[in-house]
Amino acid sequence: MRRAVFLLAVLGLPPFAFAAGHGPVFGLATPTNSQGEWSFDEGVFGRSASGGSQVSIRALIGYGFTPHLTLSFTLPAVVGNATVPPTRIQPGDDFESTLAWRFQHRATKVGTRFESTAFGGLVVPGPQSGFKGVAHTTNFPGTMFGAVTGMASRSHYVWLGGTYTKFFEHNGDRRPDVVDYSLVYGYRPPRWRRPADKWDWRLFGELVGERSHRFLEANAIVAGTQAHQVFIGPTALGIYRNYTVSFGAQVPIYQNVGRLFPKERVRFAVNFSYLLFQHSH
């Protein structure tokens with residue numbers, strides 16, 4: 001019974017750019033892991049720009065301390081040497097530890113609930129996080145805070161959220177602060193609602209945006225390093241027993257990028273998840 005309840009809960013779980021990737025691929029969502037449950041994710045996230053491409057391979061581990069409190073860790077690796085604007089939506093080359101607290105969970109009727117989740121965490125730039133040709137950067141860490149709220153039912157999902165990441169300064173150098181936001185709508189057609197031993201699918205439409213300020217180098221602001229981009233695109237999520245797969249792509253609908261950065265043309269992602277239940281039911 002407990003396993004069935006947990007599977008119902010993850011019908012719209014977050015990607016959360018900082019938690020388990022069994023929901024929308026790019027945007028934020030509210031659910032958290034069940035108490036005592038683990039989630040393991042492995043994903044490939046790409047960014048194609050006029051100046052080249054970059055692919056990030058991300059592993060993520062999440063653990064639920066309570067039904068409303070989840071701790072997760074992200075381990076990335078980057079393939080390609082393209083220099084693209086800083087991102088917090090698309091997993092890049094930052095190591096992260098994030099605590100998600102679902103502080104509101106209100107069921108209005110069977111199968112429908114309104115939720116709100118707050119995020120907080122530490123972001124540590126990895127050894128591949130340099131911005132060659134743009135600015136000298138330090139690998140000093142930063143902090144992230146954010147929140148998301150929305151509604152989930154058996155057929156429809158709506159989430160609105162955002163985060164703010166601020167990096168610390170060291171020897172006059174600092175990576176730019178990043179603000180990101182997302183609006184997600186999901187739909188699960190009645191014909192696609194399947195039992196746990198069959199693939200169960202839903203579709204999402206995701207709108208995401210992120211704005212980063214200028215770099216600081218030797219106590220001077222580096223001109224031409226600001227960026228504000230908004231992307232939109234479809235994604236899909238499938239669940240089979242303890243396994244999930246999600247994938248999708250996005251294209252820009254708004255770009256205001258400094259001259260030192262190329263404009264992105266497309267983003268894509270594929271993510272696989274395994275949900276580990278500690279007890280048999």
# chains A, B, ... in the order shown; residues from 1 in each chain; ligands from 1
call {"tool": "closest_atom_pairs", "arguments": {"of": "segment 26-97 of chain A", "to": "segment 202-210 of chain A", "cutoff": "12 Å", "atoms": "only C-alpha atoms", "output": "Markdown table"}}
result
| residue | atom | partner | partner_atom | distance |
| --- | --- | --- | --- | --- |
| A:Phe26 | CA | A:Glu206 | CA | 7.0 |
| A:Gly27 | CA | A:Val208 | CA | 6.3 |
| A:Leu28 | CA | A:Val208 | CA | 9.1 |
| A:Ala29 | CA | A:Glu206 | CA | 11.1 |
| A:Pro85 | CA | A:Glu210 | CA | 9.8 |
| A:Pro86 | CA | A:Glu210 | CA | 8.9 |
| A:Thr87 | CA | A:Glu210 | CA | 7.1 |
| A:Arg88 | CA | A:Glu210 | CA | 7.6 |
| A:Ile89 | CA | A:Glu210 | CA | 7.4 |
| A:Gln90 | CA | A:Glu210 | CA | 9.9 |
call {"tool": "write_last_selection", "arguments": {"atoms": "C-alpha atoms", "output": "mmCIF file, in the first residue's frame"}}
result
data_model
loop_
_atom_site.group_PDB
_atom_site.id
_atom_site.type_symbol
_atom_site.label_atom_id
_atom_site.label_comp_id
_atom_site.auth_asym_id
_atom_site.auth_seq_id
_atom_site.Cartn_x
_atom_site.Cartn_y
_atom_site.Cartn_z
ATOM 1 C CA PHE A 26 13.379 21.762 -16.983
ATOM 2 C CA GLY A 27 10.923 23.465 -14.609
ATOM 3 C CA LEU A 28 10.280 23.291 -10.880
ATOM 4 C CA ALA A 29 7.620 21.127 -9.185
ATOM 5 C CA PRO A 85 25.860 31.789 -20.310
ATOM 6 C CA PRO A 86 25.594 30.679 -16.672
ATOM 7 C CA THR A 87 22.615 28.446 -15.970
ATOM 8 C CA ARG A 88 20.785 27.089 -12.961
ATOM 9 C CA ILE A 89 17.861 25.515 -14.832
ATOM 10 C CA GLN A 90 19.902 23.315 -17.142
#
call {"tool": "closest_atom_pairs", "arguments": {"of": "segment 107-135 of chain A", "to": "segment 164-167 of chain A", "cutoff": "12 Å", "atoms": "only C-alpha atoms", "output": "Markdown table"}}
result
| residue | atom | partner | partner_atom | distance |
| --- | --- | --- | --- | --- |
| A:Ala118 | CA | A:Tyr164 | CA | 11.8 |
| A:Phe119 | CA | A:Tyr164 | CA | 10.0 |
| A:Gly120 | CA | A:Tyr164 | CA | 9.6 |
| A:Gly121 | CA | A:Thr165 | CA | 9.2 |
| A:Leu122 | CA | A:Thr165 | CA | 9.1 |
| A:Val123 | CA | A:Phe167 | CA | 8.2 |
| A:Val124 | CA | A:Phe167 | CA | 9.0 |
| A:Pro125 | CA | A:Phe167 | CA | 9.6 |
call {"tool": "closest_residue", "arguments": {"among": "A:Phe268, A:Phe95, A:Tyr240, A:Trp38", "to": "Phe65 of chain A", "atoms": "only C-alpha atoms"}}
result
A:Trp38
call {"tool": "atom_distance", "arguments": {"atom1": "atom CA of Ser39 of chain A", "atom2": "atom CA of Ala196 of chain A"}}
result
17.1 Å
call {"tool": "closest_atom_pairs", "arguments": {"of": "segment 188-235 of chain A", "to": "segment 245-256 of chain A", "cutoff": "6 Å", "atoms": "only C-alpha atoms", "output": "tab-separated table"}}
result
residue	atom	partner	partner_atom	distance
A:Ala227	CA	A:Asn256	CA	5.8
A:His228	CA	A:Asn256	CA	5.1
A:Gln229	CA	A:Gln255	CA	4.5
A:Val230	CA	A:Tyr254	CA	5.0
A:Phe231	CA	A:Pro252	CA	4.2
A:Ile232	CA	A:Gln250	CA	5.1
A:Gly233	CA	A:Gln250	CA	4.2
A:Pro234	CA	A:Gly248	CA	5.8
A:Thr235	CA	A:Gly248	CA	4.0
call {"tool": "residues_around", "arguments": {"residues": "Gly172 of chain A", "least_positions_apart": "4", "cutoff": "10 Å", "atoms": "only C-alpha atoms", "output": "number ranges by chain"}}
result
A: 137-138, 216-221
call {"tool": "write_last_selection", "arguments": {"atoms": "N, CA and C atoms", "output": "PDB file, in the first residue's frame"}}
result
ATOM      1  N   THR A 137      37.305  33.249 -13.224  1.00  0.00           N
ATOM      2  CA  THR A 137      36.327  32.977 -12.180  1.00  0.00           C
ATOM      3  C   THR A 137      36.955  32.174 -11.054  1.00  0.00           C
ATOM      4  N   THR A 138      36.363  32.310  -9.896  1.00  0.00           N
ATOM      5  CA  THR A 138      36.776  31.533  -8.742  1.00  0.00           C
ATOM      6  C   THR A 138      35.815  30.382  -8.547  1.00  0.00           C
ATOM      7  N   LEU A 216      32.342  39.563 -12.052  1.00  0.00           N
ATOM      8  CA  LEU A 216      33.252  40.472 -11.371  1.00  0.00           C
ATOM      9  C   LEU A 216      34.656  39.892 -11.456  1.00  0.00           C
ATOM     10  N   GLU A 217      35.597  40.666 -11.985  1.00  0.00           N
ATOM     11  CA  GLU A 217      36.977  40.217 -12.132  1.00  0.00           C
ATOM     12  C   GLU A 217      37.916  41.318 -11.651  1.00  0.00           C
ATOM     13  N   ALA A 218      38.784  40.968 -10.672  1.00  0.00           N
ATOM     14  CA  ALA A 218      39.718  41.942 -10.099  1.00  0.00           C
ATOM     15  C   ALA A 218      38.976  43.188  -9.629  1.00  0.00           C
ATOM     16  N   ASN A 219      37.817  42.975  -8.975  1.00  0.00           N
ATOM     17  CA  ASN A 219      36.982  44.041  -8.418  1.00  0.00           C
ATOM     18  C   ASN A 219      36.382  44.962  -9.477  1.00  0.00           C
ATOM     19  N   ALA A 220      36.373  44.536 -10.728  1.00  0.00           N
ATOM     20  CA  ALA A 220      35.781  45.329 -11.804  1.00  0.00           C
ATOM     21  C   ALA A 220      34.704  44.505 -12.503  1.00  0.00           C
ATOM     22  N   ILE A 221      33.608  45.150 -12.849  1.00  0.00           N
ATOM     23  CA  ILE A 221      32.518  44.473 -13.562  1.00  0.00           C
ATOM     24  C   ILE A 221      32.924  44.246 -15.010  1.00  0.00           C
TER      25      ILE A 221
END
call {"tool": "atom_distance", "arguments": {"atom1": "atom CA of Gly52 of chain A", "atom2": "atom CA of Gly162 of chain A"}}
result
27.9 Å
call {"tool": "select_by_dssp", "arguments": {"residues": "segment 20-122 of chain A", "states": "strand (DSSP E)", "output": "ChimeraX atom specification"}}
result
/A:38-49,52-66,69-79,94-109,112-122
call {"tool": "atom_distance", "arguments": {"atom1": "atom CA of His136 of chain A", "atom2": "atom CA of Glu264 of chain A"}}
result
21.9 Å
call {"tool": "closest_residue", "arguments": {"among": "A:Gly161, A:Pro31, A:Gly142, A:Gly186", "to": "Trp101 of chain A", "atoms": "only C-alpha atoms"}}
result
A:Pro31
call {"tool": "closest_residue", "arguments": {"among": "A:Phe40, A:Phe168, A:Tyr157, A:Phe145", "to": "Tyr181 of chain A", "atoms": "only C-alpha atoms"}}
result
A:Phe145
call {"tool": "closest_residue", "arguments": {"among": "A:Leu75, A:Thr117, A:Gly111, A:Pro91", "to": "Val25 of chain A", "atoms": "only C-alpha atoms"}}
result
A:Pro91
call {"tool": "decode", "arguments": {"residues": "segment 86-116 of chain A", "atoms": "N, CA, C and O atoms", "output": "PDB file, in the first residue's frame"}}
result
ATOM      1  N   PRO A  86      25.853  31.443 -17.898  1.00  0.00           N
ATOM      2  CA  PRO A  86      25.594  30.679 -16.672  1.00  0.00           C
ATOM      3  C   PRO A  86      24.151  30.188 -16.635  1.00  0.00           C
ATOM      4  O   PRO A  86      23.240  30.852 -17.123  1.00  0.00           O
ATOM      5  N   THR A  87      23.956  29.010 -16.058  1.00  0.00           N
ATOM      6  CA  THR A  87      22.615  28.446 -15.970  1.00  0.00           C
ATOM      7  C   THR A  87      22.407  27.784 -14.624  1.00  0.00           C
ATOM      8  O   THR A  87      23.344  27.263 -14.033  1.00  0.00           O
ATOM      9  N   ARG A  88      21.167  27.837 -14.150  1.00  0.00           N
ATOM     10  CA  ARG A  88      20.785  27.089 -12.961  1.00  0.00           C
ATOM     11  C   ARG A  88      19.611  26.167 -13.268  1.00  0.00           C
ATOM     12  O   ARG A  88      19.258  25.318 -12.483  1.00  0.00           O
ATOM     13  N   ILE A  89      18.960  26.380 -14.415  1.00  0.00           N
ATOM     14  CA  ILE A  89      17.861  25.515 -14.832  1.00  0.00           C
ATOM     15  C   ILE A  89      18.414  24.255 -15.481  1.00  0.00           C
ATOM     16  O   ILE A  89      18.046  23.137 -15.133  1.00  0.00           O
ATOM     17  N   GLN A  90      19.290  24.437 -16.445  1.00  0.00           N
ATOM     18  CA  GLN A  90      19.902  23.315 -17.142  1.00  0.00           C
ATOM     19  C   GLN A  90      21.095  22.834 -16.319  1.00  0.00           C
ATOM     20  O   GLN A  90      22.013  23.612 -16.049  1.00  0.00           O
ATOM     21  N   PRO A  91      21.091  21.587 -15.860  1.00  0.00           N
ATOM     22  CA  PRO A  91      22.246  21.113 -15.079  1.00  0.00           C
ATOM     23  C   PRO A  91      23.547  21.339 -15.840  1.00  0.00           C
ATOM     24  O   PRO A  91      23.653  21.017 -17.027  1.00  0.00           O
ATOM     25  N   GLY A  92      24.516  21.906 -15.160  1.00  0.00           N
ATOM     26  CA  GLY A  92      25.792  22.200 -15.791  1.00  0.00           C
ATOM     27  C   GLY A  92      26.921  21.493 -15.087  1.00  0.00           C
ATOM     28  O   GLY A  92      26.914  20.276 -14.927  1.00  0.00           O
ATOM     29  N   ASP A  93      27.915  22.261 -14.621  1.00  0.00           N
ATOM     30  CA  ASP A  93      29.099  21.676 -14.015  1.00  0.00           C
ATOM     31  C   ASP A  93      29.230  22.056 -12.546  1.00  0.00           C
ATOM     32  O   ASP A  93      30.326  22.085 -12.005  1.00  0.00           O
ATOM     33  N   ASP A  94      28.112  22.340 -11.893  1.00  0.00           N
ATOM     34  CA  ASP A  94      28.126  22.682 -10.475  1.00  0.00           C
ATOM     35  C   ASP A  94      27.702  21.495  -9.625  1.00  0.00           C
ATOM     36  O   ASP A  94      26.718  20.812  -9.938  1.00  0.00           O
ATOM     37  N   PHE A  95      28.434  21.266  -8.538  1.00  0.00           N
ATOM     38  CA  PHE A  95      28.034  20.276  -7.538  1.00  0.00           C
ATOM     39  C   PHE A  95      27.040  20.945  -6.587  1.00  0.00           C
ATOM     40  O   PHE A  95      27.254  22.082  -6.161  1.00  0.00           O
ATOM     41  N   GLU A  96      25.975  20.220  -6.243  1.00  0.00           N
ATOM     42  CA  GLU A  96      24.926  20.832  -5.440  1.00  0.00           C
ATOM     43  C   GLU A  96      24.453  19.895  -4.338  1.00  0.00           C
ATOM     44  O   GLU A  96      24.405  18.683  -4.518  1.00  0.00           O
ATOM     45  N   SER A  97      24.113  20.480  -3.202  1.00  0.00           N
ATOM     46  CA  SER A  97      23.374  19.772  -2.157  1.00  0.00           C
ATOM     47  C   SER A  97      22.162  20.635  -1.827  1.00  0.00           C
ATOM     48  O   SER A  97      22.308  21.828  -1.546  1.00  0.00           O
ATOM     49  N   THR A  98      20.972  20.036  -1.902  1.00  0.00           N
ATOM     50  CA  THR A  98      19.734  20.809  -1.796  1.00  0.00           C
ATOM     51  C   THR A  98      18.767  20.149  -0.834  1.00  0.00           C
ATOM     52  O   THR A  98      18.585  18.926  -0.864  1.00  0.00           O
ATOM     53  N   LEU A  99      18.152  20.955   0.010  1.00  0.00           N
ATOM     54  CA  LEU A  99      17.108  20.483   0.914  1.00  0.00           C
ATOM     55  C   LEU A  99      15.786  21.066   0.430  1.00  0.00           C
ATOM     56  O   LEU A  99      15.651  22.279   0.270  1.00  0.00           O
ATOM     57  N   ALA A 100      14.810  20.184   0.180  1.00  0.00           N
ATOM     58  CA  ALA A 100      13.486  20.595  -0.261  1.00  0.00           C
ATOM     59  C   ALA A 100      12.478  20.323   0.851  1.00  0.00           C
ATOM     60  O   ALA A 100      12.388  19.205   1.353  1.00  0.00           O
ATOM     61  N   TRP A 101      11.714  21.365   1.219  1.00  0.00           N
ATOM     62  CA  TRP A 101      10.715  21.244   2.283  1.00  0.00           C
ATOM     63  C   TRP A 101       9.339  21.596   1.711  1.00  0.00           C
ATOM     64  O   TRP A 101       9.082  22.735   1.337  1.00  0.00           O
ATOM     65  N   ARG A 102       8.476  20.616   1.646  1.00  0.00           N
ATOM     66  CA  ARG A 102       7.105  20.858   1.187  1.00  0.00           C
ATOM     67  C   ARG A 102       6.294  21.331   2.388  1.00  0.00           C
ATOM     68  O   ARG A 102       5.821  20.544   3.200  1.00  0.00           O
ATOM     69  N   PHE A 103       6.128  22.659   2.492  1.00  0.00           N
ATOM     70  CA  PHE A 103       5.522  23.233   3.690  1.00  0.00           C
ATOM     71  C   PHE A 103       4.006  23.372   3.588  1.00  0.00           C
ATOM     72  O   PHE A 103       3.351  23.710   4.571  1.00  0.00           O
ATOM     73  N   GLN A 104       3.448  23.132   2.409  1.00  0.00           N
ATOM     74  CA  GLN A 104       2.000  23.119   2.271  1.00  0.00           C
ATOM     75  C   GLN A 104       1.580  21.901   1.455  1.00  0.00           C
ATOM     76  O   GLN A 104       2.144  21.629   0.391  1.00  0.00           O
ATOM     77  N   HIS A 105       0.615  21.166   1.956  1.00  0.00           N
ATOM     78  CA  HIS A 105       0.079  20.007   1.238  1.00  0.00           C
ATOM     79  C   HIS A 105      -1.392  19.903   1.610  1.00  0.00           C
ATOM     80  O   HIS A 105      -1.745  19.467   2.703  1.00  0.00           O
ATOM     81  N   ARG A 106      -2.253  20.325   0.693  1.00  0.00           N
ATOM     82  CA  ARG A 106      -3.679  20.397   0.996  1.00  0.00           C
ATOM     83  C   ARG A 106      -4.471  19.691  -0.092  1.00  0.00           C
ATOM     84  O   ARG A 106      -4.460  20.105  -1.260  1.00  0.00           O
ATOM     85  N   ALA A 107      -5.150  18.612   0.274  1.00  0.00           N
ATOM     86  CA  ALA A 107      -5.986  17.872  -0.663  1.00  0.00           C
ATOM     87  C   ALA A 107      -7.397  18.439  -0.623  1.00  0.00           C
ATOM     88  O   ALA A 107      -8.031  18.507   0.438  1.00  0.00           O
ATOM     89  N   THR A 108      -7.907  18.861  -1.779  1.00  0.00           N
ATOM     90  CA  THR A 108      -9.244  19.442  -1.840  1.00  0.00           C
ATOM     91  C   THR A 108     -10.305  18.399  -2.175  1.00  0.00           C
ATOM     92  O   THR A 108     -11.451  18.536  -1.799  1.00  0.00           O
ATOM     93  N   LYS A 109      -9.898  17.359  -2.903  1.00  0.00           N
ATOM     94  CA  LYS A 109     -10.786  16.256  -3.205  1.00  0.00           C
ATOM     95  C   LYS A 109      -9.929  15.082  -3.620  1.00  0.00           C
ATOM     96  O   LYS A 109      -8.690  15.196  -3.733  1.00  0.00           O
ATOM     97  N   VAL A 110     -10.533  13.935  -3.854  1.00  0.00           N
ATOM     98  CA  VAL A 110      -9.776  12.732  -4.187  1.00  0.00           C
ATOM     99  C   VAL A 110      -8.976  12.971  -5.468  1.00  0.00           C
ATOM    100  O   VAL A 110      -9.525  13.345  -6.506  1.00  0.00           O
ATOM    101  N   GLY A 111      -7.655  12.774  -5.374  1.00  0.00           N
ATOM    102  CA  GLY A 111      -6.794  12.900  -6.544  1.00  0.00           C
ATOM    103  C   GLY A 111      -6.335  14.305  -6.859  1.00  0.00           C
ATOM    104  O   GLY A 111      -5.582  14.505  -7.806  1.00  0.00           O
ATOM    105  N   THR A 112      -6.747  15.317  -6.086  1.00  0.00           N
ATOM    106  CA  THR A 112      -6.349  16.703  -6.346  1.00  0.00           C
ATOM    107  C   THR A 112      -5.731  17.304  -5.095  1.00  0.00           C
ATOM    108  O   THR A 112      -6.271  17.160  -4.004  1.00  0.00           O
ATOM    109  N   ARG A 113      -4.610  17.995  -5.259  1.00  0.00           N
ATOM    110  CA  ARG A 113      -3.934  18.580  -4.107  1.00  0.00           C
ATOM    111  C   ARG A 113      -3.243  19.883  -4.511  1.00  0.00           C
ATOM    112  O   ARG A 113      -2.799  20.032  -5.656  1.00  0.00           O
ATOM    113  N   PHE A 114      -3.172  20.809  -3.566  1.00  0.00           N
ATOM    114  CA  PHE A 114      -2.427  22.054  -3.729  1.00  0.00           C
ATOM    115  C   PHE A 114      -1.211  21.983  -2.808  1.00  0.00           C
ATOM    116  O   PHE A 114      -1.329  21.641  -1.632  1.00  0.00           O
ATOM    117  N   GLU A 115      -0.032  22.317  -3.367  1.00  0.00           N
ATOM    118  CA  GLU A 115       1.213  22.161  -2.622  1.00  0.00           C
ATOM    119  C   GLU A 115       2.135  23.348  -2.837  1.00  0.00           C
ATOM    120  O   GLU A 115       2.064  24.035  -3.859  1.00  0.00           O
ATOM    121  N   SER A 116       3.024  23.541  -1.869  1.00  0.00           N
ATOM    122  CA  SER A 116       4.091  24.532  -1.986  1.00  0.00           C
ATOM    123  C   SER A 116       5.355  23.949  -1.374  1.00  0.00           C
ATOM    124  O   SER A 116       5.309  23.330  -0.304  1.00  0.00           O
TER     125      SER A 116
END
